[in-house]
Amino acid sequence: MMEEEEGAEEQQRFSYRQRLKAAVHYTVGCLCEEVASDKDMPFSKQTIAAISEVTFRQCENFAKDLEMFARHAKRSTINTEDVKLLARRSNSLLKYITEVNENLAQFNLERKAKKKKKSEDENKDAVEPGEAGVVEIEN
Amino acid sequence: MEESGAGFRKELVSKLLHLHFKDDKTKVSGDALQLTAELLKVFVVEAAVRSVRQAQAEDLTRVDVDQLEKVLPQLLLDF
């Protein structure tokens, strides 16, 4: 009886993994299609499948490294500093990821400020006229 | 965040990472997920673009697994 249950659980894990692989394959396909259009050079189906396989495997490396980096810093939540460490092997890659991170932080900051301003505008009656245009950015 | 074209969804990245964590308590911040998604996108695009360059160098009209195999070692070293 126990063996049957274990077998069923194994099956579930396997098909979950397969579903994730399929999702990765879809995204990889889309990205390759963009590159193919841009460079006017098509990819064989096998190539897309191979890139997808490699990407899935690379995720395992990323996950394990990220977990270890956070643990090394005595954290249980992985943050952007950990992700930047993943990009350390190539200077241009590190530079690019750092830039993306800065844009992301800026974007989130602006979004927070907009939200705050919106709720401030909605409370206009409670605020003095001179203060309505002031937006405070939290750190 | 402006997204040009396809990319990895945060939800998918989260599932992919959690699949391989050793500790149940490990979590990922939202920003870290977005950054990882971007990193994965770069990985795939690099693999694709380098394969295309290899195919062009070999005067081919289509990218096949042979071209990917040639660029894979350096790609993995760069990541």
# chains A, B, ... in the order shown; residues from 1 in each chain; ligands from 1
>>> interface_residues(of="chain A", to="chain B", cutoff="7 Å", atoms="only C-alpha atoms", output="ChimeraX atom specification")
/A:27-28,30-32,35,41-44,46-47,55,59-60,63-64,67,76-80,83,87,89-90,101,107
>>> write_last_selection(atoms="C-alpha atoms", output="compact mmCIF listing (two decimals), in the first residue's frame")
# COMPACT_ATOMS: atom_id res chain seq x y z
CA THR A 27 9.06 31.20 -23.18
CA VAL A 28 12.31 30.06 -24.78
CA CYS A 30 9.03 33.05 -27.94
CA LEU A 31 12.45 34.56 -27.26
CA CYS A 32 14.11 32.52 -30.02
CA VAL A 35 15.87 36.66 -32.29
CA MET A 41 17.75 33.33 -39.34
CA PRO A 42 15.37 30.55 -38.28
CA PHE A 43 16.00 27.99 -35.54
CA SER A 44 15.38 24.29 -35.93
CA GLN A 46 15.63 20.72 -31.93
CA THR A 47 17.74 23.79 -31.25
CA THR A 55 17.94 26.87 -19.47
CA CYS A 59 17.79 27.36 -13.19
CA GLU A 60 18.85 24.60 -10.83
CA ALA A 63 18.46 28.36 -7.35
CA LYS A 64 21.10 26.51 -5.37
CA GLU A 67 19.91 29.91 -1.61
CA SER A 76 16.24 33.32 4.56
CA THR A 77 14.94 35.72 1.90
CA ILE A 78 16.91 35.98 -1.34
CA ASN A 79 17.33 39.60 -2.43
CA THR A 80 18.68 41.47 -5.46
CA VAL A 83 21.01 37.81 -7.86
CA ALA A 87 26.16 37.62 -12.78
CA ARG A 89 31.51 35.92 -14.10
CA SER A 90 31.10 38.36 -16.97
CA ASN A 101 18.32 46.55 -10.95
CA PHE A 107 10.56 52.41 -11.19
>>> residues_around(residues="Asp82 in chain A", least_positions_apart="3", cutoff="7 Å", atoms="only C-alpha atoms", output="short mmCIF file (atom, residue, chain, number, x, y, z; two decimals) with N, CA, C and O atoms, in the first residue's frame")
data_model
loop_
_atom_site.label_atom_id
_atom_site.label_comp_id
_atom_site.auth_asym_id
_atom_site.auth_seq_id
_atom_site.Cartn_x
_atom_site.Cartn_y
_atom_site.Cartn_z
N LEU A 66 21.70 30.91 -5.28
CA LEU A 66 20.96 31.98 -4.60
C LEU A 66 20.66 31.60 -3.15
O LEU A 66 20.82 32.41 -2.24
N PHE A 69 23.88 31.89 -1.20
CA PHE A 69 24.31 33.28 -0.99
C PHE A 69 23.52 33.91 0.15
O PHE A 69 24.08 34.53 1.05
N ALA A 70 22.20 33.71 0.13
CA ALA A 70 21.35 34.29 1.17
C ALA A 70 21.69 33.68 2.53
O ALA A 70 21.82 34.38 3.53
N ILE A 78 15.98 35.61 -0.28
CA ILE A 78 16.91 35.98 -1.34
C ILE A 78 16.57 37.38 -1.83
O ILE A 78 15.40 37.67 -2.11
N ASN A 79 17.59 38.25 -1.93
CA ASN A 79 17.33 39.60 -2.43
C ASN A 79 18.14 39.90 -3.70
O ASN A 79 18.85 39.02 -4.21
N LEU A 85 25.16 38.70 -7.62
CA LEU A 85 26.31 37.81 -7.47
C LEU A 85 26.30 36.73 -8.55
O LEU A 85 27.36 36.28 -9.00
N LEU A 86 25.12 36.31 -8.97
CA LEU A 86 25.02 35.27 -10.01
C LEU A 86 25.68 35.75 -11.30
O LEU A 86 26.17 34.94 -12.08
#
>>> atom_distance(atom1="CA of Asp38 in chain A", atom2="CA of Phe56 in chain A")
24.3 Å
>>> select_by_dssp(residues="chain A", states="helix (DSSP H, G or I)", output="number ranges by chain")
A: 2-39, 45-72, 80-86, 91-122, 124-126, 129-131
>>> write_last_selection(atoms="C-alpha atoms", output="compact mmCIF listing (two decimals), in the first residue's frame")
# COMPACT_ATOMS: atom_id res chain seq x y z
CA MET A 2 2.82 2.36 0.99
CA GLU A 3 4.61 1.67 -2.26
CA GLU A 4 1.55 2.65 -4.29
CA GLU A 5 1.32 5.97 -2.48
CA GLU A 6 4.98 6.63 -3.02
CA GLY A 7 4.58 5.75 -6.68
CA ALA A 8 1.68 8.17 -7.07
CA GLU A 9 3.63 10.95 -5.35
CA GLU A 10 6.59 10.29 -7.61
CA GLN A 11 4.29 10.54 -10.61
CA GLN A 12 2.91 13.87 -9.39
CA ARG A 13 6.39 15.28 -8.89
CA PHE A 14 7.39 14.11 -12.33
CA SER A 15 4.40 15.68 -14.09
CA TYR A 16 4.83 18.94 -12.12
CA ARG A 17 8.42 19.05 -13.33
CA GLN A 18 7.26 18.33 -16.88
CA ARG A 19 4.75 21.19 -16.69
CA LEU A 20 7.48 23.59 -15.58
CA LYS A 21 9.73 22.40 -18.40
CA ALA A 22 6.90 22.99 -20.85
CA ALA A 23 6.41 26.52 -19.53
CA VAL A 24 10.12 27.22 -19.91
CA HIS A 25 10.04 25.75 -23.41
CA TYR A 26 7.22 28.10 -24.37
CA THR A 27 9.06 31.20 -23.18
CA VAL A 28 12.31 30.06 -24.78
CA GLY A 29 10.41 29.50 -28.03
CA CYS A 30 9.03 33.05 -27.94
CA LEU A 31 12.45 34.56 -27.26
CA CYS A 32 14.11 32.52 -30.02
CA GLU A 33 11.36 33.59 -32.40
CA GLU A 34 12.16 37.24 -31.64
CA VAL A 35 15.87 36.66 -32.29
CA ALA A 36 15.09 34.71 -35.47
CA SER A 37 12.97 37.59 -36.82
CA ASP A 38 15.53 40.18 -35.82
CA LYS A 39 18.46 38.34 -37.43
CA LYS A 45 12.87 22.85 -33.44
CA GLN A 46 15.63 20.72 -31.93
CA THR A 47 17.74 23.79 -31.25
CA ILE A 48 14.92 25.51 -29.39
CA ALA A 49 14.33 22.32 -27.39
CA ALA A 50 18.04 22.12 -26.58
CA ILE A 51 18.21 25.77 -25.42
CA SER A 52 15.13 25.10 -23.32
CA GLU A 53 16.75 22.06 -21.70
CA VAL A 54 19.94 23.97 -20.91
CA THR A 55 17.94 26.87 -19.47
CA PHE A 56 15.97 24.55 -17.21
CA ARG A 57 19.20 23.04 -15.94
CA GLN A 58 20.73 26.48 -15.45
CA CYS A 59 17.79 27.36 -13.19
CA GLU A 60 18.85 24.60 -10.83
CA ASN A 61 22.33 26.12 -10.56
CA PHE A 62 20.87 29.58 -10.03
CA ALA A 63 18.46 28.36 -7.35
CA LYS A 64 21.10 26.51 -5.37
CA ASP A 65 23.57 29.40 -5.60
CA LEU A 66 20.96 31.98 -4.60
CA GLU A 67 19.91 29.91 -1.61
CA MET A 68 23.54 29.57 -0.53
CA PHE A 69 24.31 33.28 -0.99
CA ALA A 70 21.35 34.29 1.17
CA ARG A 71 22.20 31.67 3.77
CA HIS A 72 25.81 32.91 3.80
CA THR A 80 18.68 41.47 -5.46
CA GLU A 81 22.24 41.52 -4.11
CA ASP A 82 22.23 37.73 -4.27
CA VAL A 83 21.01 37.81 -7.86
CA LYS A 84 23.74 40.28 -8.82
CA LEU A 85 26.31 37.81 -7.47
CA LEU A 86 25.02 35.27 -10.01
CA ASN A 91 31.81 42.07 -16.59
CA SER A 92 29.33 43.13 -19.24
CA LEU A 93 26.65 40.87 -17.78
CA LEU A 94 27.21 42.25 -14.28
CA LYS A 95 27.06 45.81 -15.62
CA TYR A 96 23.81 45.09 -17.45
CA ILE A 97 22.12 43.39 -14.50
CA THR A 98 23.20 46.19 -12.16
CA GLU A 99 21.62 48.68 -14.56
CA VAL A 100 18.37 46.67 -14.74
CA ASN A 101 18.32 46.55 -10.95
CA GLU A 102 18.77 50.32 -10.68
CA ASN A 103 15.98 50.94 -13.20
CA LEU A 104 13.77 48.52 -11.29
CA ALA A 105 14.44 50.29 -7.99
CA GLN A 106 13.78 53.66 -9.60
CA PHE A 107 10.56 52.41 -11.19
CA ASN A 108 9.29 50.98 -7.91
CA LEU A 109 10.20 54.22 -6.14
CA GLU A 110 8.24 56.24 -8.68
CA ARG A 111 5.32 53.88 -8.47
CA LYS A 112 5.27 54.17 -4.69
CA ALA A 113 5.43 57.96 -4.94
CA LYS A 114 2.54 58.00 -7.43
CA LYS A 115 0.45 55.81 -5.15
CA LYS A 116 1.22 58.03 -2.20
CA LYS A 117 0.43 61.19 -4.16
CA LYS A 118 -2.85 59.62 -5.32
CA SER A 119 -3.93 58.90 -1.76
CA GLU A 120 -2.77 62.36 -0.74
CA ASP A 121 -4.84 63.94 -3.52
CA GLU A 122 -7.81 61.95 -2.40
CA LYS A 124 -7.04 66.94 -0.27
CA ASP A 125 -9.69 68.29 2.10
CA ALA A 126 -7.63 67.33 5.13
CA PRO A 129 -3.47 73.96 -0.08
CA GLY A 130 0.29 74.67 -0.01
CA GLU A 131 1.19 71.09 0.77
